[in-house]
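Notes follow the structure.
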Amino acid sequence: MLFSWGKNMQTKQKKKNGATVQSLIGIKGFTEYGLLTTNGEMLFFTIIPTNISVLSYESVENKVRKLTLALSAVPDVEIACIDSAERFDDNKAYLEKRAESENNLKVKRLLKKDEAFLDGIQTELTTARKFLFAIRCRNMKPPQVFAYANTVRKVLSEQGFDVHRMGKDEIKRLVALYFDASLTGENIPDYDGEQYFNLKEAE
């Protein structure tokens, strides 16, 4: 699993020692090129997906072959597919099941309204999938990370992938969605309340 950092840590012992949430999930901070974790620095590359449903069988085979070549050239790459906004599928499934078992008509109608409300929110949000390649850089100095990032990007581009290395704000958005800290992936400040402090300064 892509975001496996910190899940095997002794969380109970850490809590006793007053560890922060950041340390419990294994994130140390941002670097110039990616995200620093307890398992090394991670670089993220977004890939613009191709609609293979409109491609011929030969074209799909060619895409698979190019992906195989890319994975052979960069064997330590990790692949993830994420949503660009919070999903409500589990909540909607629960409401639907709850409504089916409910005998009180008034409660049933309220449950249906809640389900319709979630449908409306999800329609308004951008629910397109995002495809990511993630690379772990262990025991590398910044110049080595920079060189490796360029190498990975070149390899993926040569195999026909429209690739872009994610910056700090994009990674923050990714982490916020993954840990349910944001519904729509809005920009989150580096420090809690920072946006209000800047607003006060502007006045």
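So you can find residues: chains in the structure tokens are A, B, ... in the order shown, residues in each start at 1, and ligands are numbered from 1 in order.
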
Quiz item: Residues at most 10 Å from Lys66 of chain A, counting only C-alpha atoms, excluding those fewer than 5 positions away in the same chain, as a list of chain:residue names?
Solution: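 Near Lys66 of chain A, the qualifying residues are A:Val60, A:Glu61, A:Leu71, A:Ser72, A:Leu156, A:Glu158, A:Gln159, A:Gly160, A:Phe161.
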
Quiz item: In segment 33-109 of chain A, what's strand (DSSP E or B) per DSSP? Answer as a list in words?
Solution: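 Answer for segment 33-109 of chain A restricted to strand (DSSP E or B) is Leu35, Leu36, Thr37, Gly40, Glu41, Met42, Leu43, Phe44, Phe45, Thr46, Ile47, Glu78, Ile79, Ala80, Cys81, Ile82 and Asp83 of chain A.
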
Practice problem: In Å, rounded to a single decimal, give me how far atom CA of Phe133 of chain A is from atom CA of Glu170 of chain A. | Solution: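 Value for the atom CA of Glu170 of chain A-atom CA of Phe133 of chain A distance: 13.7 Å.
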
Quiz item: For Ile135 of chain A, which residue out of A:Tyr178, A:Phe30, A:Tyr148, A:Phe117 is the nearest one, using only C-alpha atoms?
Solution: A:Tyr148

Quiz item: If we count only C-alpha atoms, what is near segment 36-43 of chain A at a cut-off of 6 Å, once residues fewer than 2 positions away on the same chain are taken out, given as a PyMOL selection string?
Solution: chain A and resi 26-30+34+134-138

Quiz item: Rounded to one decimal in Å, what is the spacing between atom CA of Leu132 of chain A and atom CA of Tyr94 of chain A?
Solution: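 These atoms are spaced 29.5 Å apart.
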